[in-house]
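Notes to accompany the following structure.
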Amino acid sequence: MLKLEGITKDYKAGDGVVHALKGINLEFRRTEFVSILGHSGCGKTTMLNIIGGLDRYTEGDMSIDGVSTKKYKDVDWDTYRNIKVGFVFQSYNLIQHLTILDNVAMALTLSGVGLQERKRRAEEALKTVGLEAQMKKLPNQLSGGQMQRVSIARAIVNNPDIILADEPTGALDSATSVQVMDLLKEISRTKLVIMVTHNRELAEQYSTRIVSVKDGEIVGDTMPYNGEDDIPAITDFHASDKEKKKKLKKSSMSYSTAIKLSFKNLMTKKGRTIMTSVAGSIGIIGVCLVLAISNGFTNYVNDLQRTVLAGYPVQIAQETVNLTEIIGAFMGGTYADGKKEQYPDGNTVIQYDPSSLMNNYMINNDFGQDYIDYVNAISDKGWASGISYTYNMDICVVGKTINAGKTSYERVNSRKEIDPSNPGTMLQTGPNIRWSEMIGDESFILKQYDILAGEFPSNKNQVVLVVDSYNQSNINVLKGLGFKSSQKEVTFDDIVGTKLRVVSNNDLYTEGENGLFAEKTSSEELGELYNAPASDTNLEIEVVGVLRPKEGTQLALLSTGINYTSELTQYLLDVNSKSRVVEAQSANTEINVTTGMPFTEKKDTYRKTMQKLGGDNTPTGMNIYPKDFEGKEAIISYLDAWNNNNPSSEVIYVDMSEMATSMMNEIIRIISIVLVCFAAISLVVSSVMIGIITYVSVVERTKEIGILRSLGARKIDISNVFNAETFIIGLLAGVIGVIITYILSIPINLIIYSLSGIGTLCVLSPWHAILMIVVSFVLTLIAGLVPSSVAAKKDPVVALRTE
């Protein structure tokens, strides 16, 4: 069955070579008890290791059942040790952190035997050696003789053909030695038992054959095998035809077994395992806290959008600025129009006019009545609380001002005039009283503002003063309302009840003999308008209230200054559309009747002029006020549907709340990435530390590596054992890190709340928690690759000698 032909084994020793075996020729019967006898260092253990596949011969050949092993690969030797060979060692070589039953069943585990069958056969093997009452004990709870019997049970459990015993009684007393030798004698009835010993008396008493070795050569053989018919093996309690077929299967260790081995080993060093995992969790905690705060801020911003900002309007204007592109361009340092090539070849300087840069980011929505009707249909869908419209009409507001004790009359709101140098653009001129139309209805505005004095406007003749959260107002506003610049204190009661005049076109413009219309601008002319009796064309306007943003309002809806109602706008549109200047301008599409200048770009400047005079009542903008966040999403989808169905007449809208939250979220994301990178440094350091701890474990478990290899474990199986250890530590570190993060988030949120009044800003997402646990064990697995590779490459013979 087993044949050695010309086996030599050489070892390198410094610059020389040691010849451990010198041409061994030896053949064994299928069933016999062979003792290899010789003094220490004669080569008998080396021969045993070669027979057992733990060591490789230098020259010659070893054949098993007539098959040469010259071309055996590592996996073939692993399978051979698992199926054909069982080892009984002098020092027992039991895995200390496994129970007796698990030690015996390990060879079956590597053979792929199922759990129940594995347990049954391991129990039966232990009963065979008389240890059925010790199955759940650990090796250190047994005597030396009992441990050697466990070693024998492990050797026979997989029904091998060969039992190799290396000084099996060397560490036992005489009585126990007899028990062990009796067991081996019984086993030799059905198997080939090869025992290495230097005890001639023991060998002669129990062996059927003694092979004497001296200086690496065979010097005696009491019963050489001469080629006669071998005795067939007796089928014992393990053997069956089905099981014999299974023996052809390659040995392998399942991942669950690797994890079990490593887990039990870690449990024998609980203190170190916990300390290592806690240390490894420090990096996880750092990253988790950054992600938790980032997630909390993002949730806060999104919640702000869903609640406070949800009602802010979706704005559509004929002309507006694409703030999204501007912000993106300035953040990215790009000031070109996006059509120019970066880093061009050539030596030409590309010129640009800074004053025209903003034109690159202008949006021109040339929508008509069909789009306005499309938007108006939103009112019937229940998504919006209302829709307001803006117009480009120039409103003339006349006020009485007092400067150095002198009273004068002037137009106190900013006005729009055509730039003489560029007739296609409008200029803002005059003192700025911040005269603005209110956006939204009363209920919507009062959700955001408190009335500090007076009341909310109820008709076109009433306006309100809006101050900021500090009760501040531009000095020009107070001057425009008639207060002296030297007046140190102006109360709300002083402001409520003040008067202004809004003058329509027929009172503001005077037609000249040349057919052009001149605007009244002098103090005397405006004084006459201010002091004239109020009429349908010269409205007296009263400040009836003072508004201020509510505490906690994140985005002011109204402009600070004087705010008027949309009723005033509609009234003036109606009155001005019938004025003489509008009739004259309607009849003359070539010349501006207020300046005498020709229209250079006929369509746009003529239209803008008519809008300024109030002759074109087409809205220049629309504000859609969602009822809630879901309503806003429905409105956005509705507007996008128009653009998808009408690509040639696409209309760009502006969602200020979405833009604001997107900007904040992007800033939060960038800051989070930077902080995560810094926190990740400690994560890498902790992973390296775990790799070092794993290497220490490899050194500590070197003997276990040799034991597993002797049972048929492959190199990849050994690697998996230590990968499983780093996996467990990494998983434990990740879980500890996540748990500590959740615990730390409680005081962190309390501190943030006490400082800012904002609650729950440190919120670790479950997905982030799972991600960080995965990252933890992945990093530790990577860190453990080198130690596990070192473990896999260890020589099993050297590993078994390690104490």
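Simple scheme: letters A, B, ... for chains in structure tokens order, numbers from 1 for residues in each chain, numbers from 1 for ligands in the order shown.
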
- request: Give the helix (DSSP H, G or I) residues of segment 494-575 of chain A, as assigned by DSSP on the backbone, as a VMD selection string.
  value: chain A and resid 494 to 495 505 to 508 523 to 531 566 to 575

task: From a DSSP pass on the backbone, collect the residues of segment 581-651 of chain A flagged as strand (DSSP E) and hand them back as an MDAnalysis selection string.
output: chainID A and resid 621:626

- request: Might you pull out every residue within 7 Å of segment 393-401 of chain A, with only C-alpha atoms counted and same-chain residues fewer than 4 positions away left off, and present them as a PyMOL selection string?
  value: chain A and resi 407-413+415-416+479-483+500-503+526+530+611-614

- request: Would you list the contacts of segment 592-594 of chain A as a ChimeraX atom specification, taking every protein, DNA or RNA residue within 8 Å and counting only C-alpha atoms, but skipping same-chain residues closer than 4 positions in sequence?
  value: /A:515-519,581,584-585,588,598-599,606,609

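Residue nearest Thr565 of chain A, chosen from A:Glu551, A:Glu442, A:Glu630, A:Asp795 and counting only C-alpha atoms: A:Glu442.
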
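The smallest atom-to-atom distance between Gly66 of chain A and any of A:Val466, A:Ala13, A:Leu639, A:Leu4, using only C-alpha atoms, is found for A:Leu4.
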
Contact residues around segment 758-774 of chain A with only C-alpha atoms at 7 Å, ignoring same-chain residues under 2 positions, as JSON, numbers by chain: {"A": [284, 288, 291, 292, 293, 295, 296, 297, 731, 734, 735, 738, 745, 748, 749, 752, 753, 756, 776, 777, 778]}
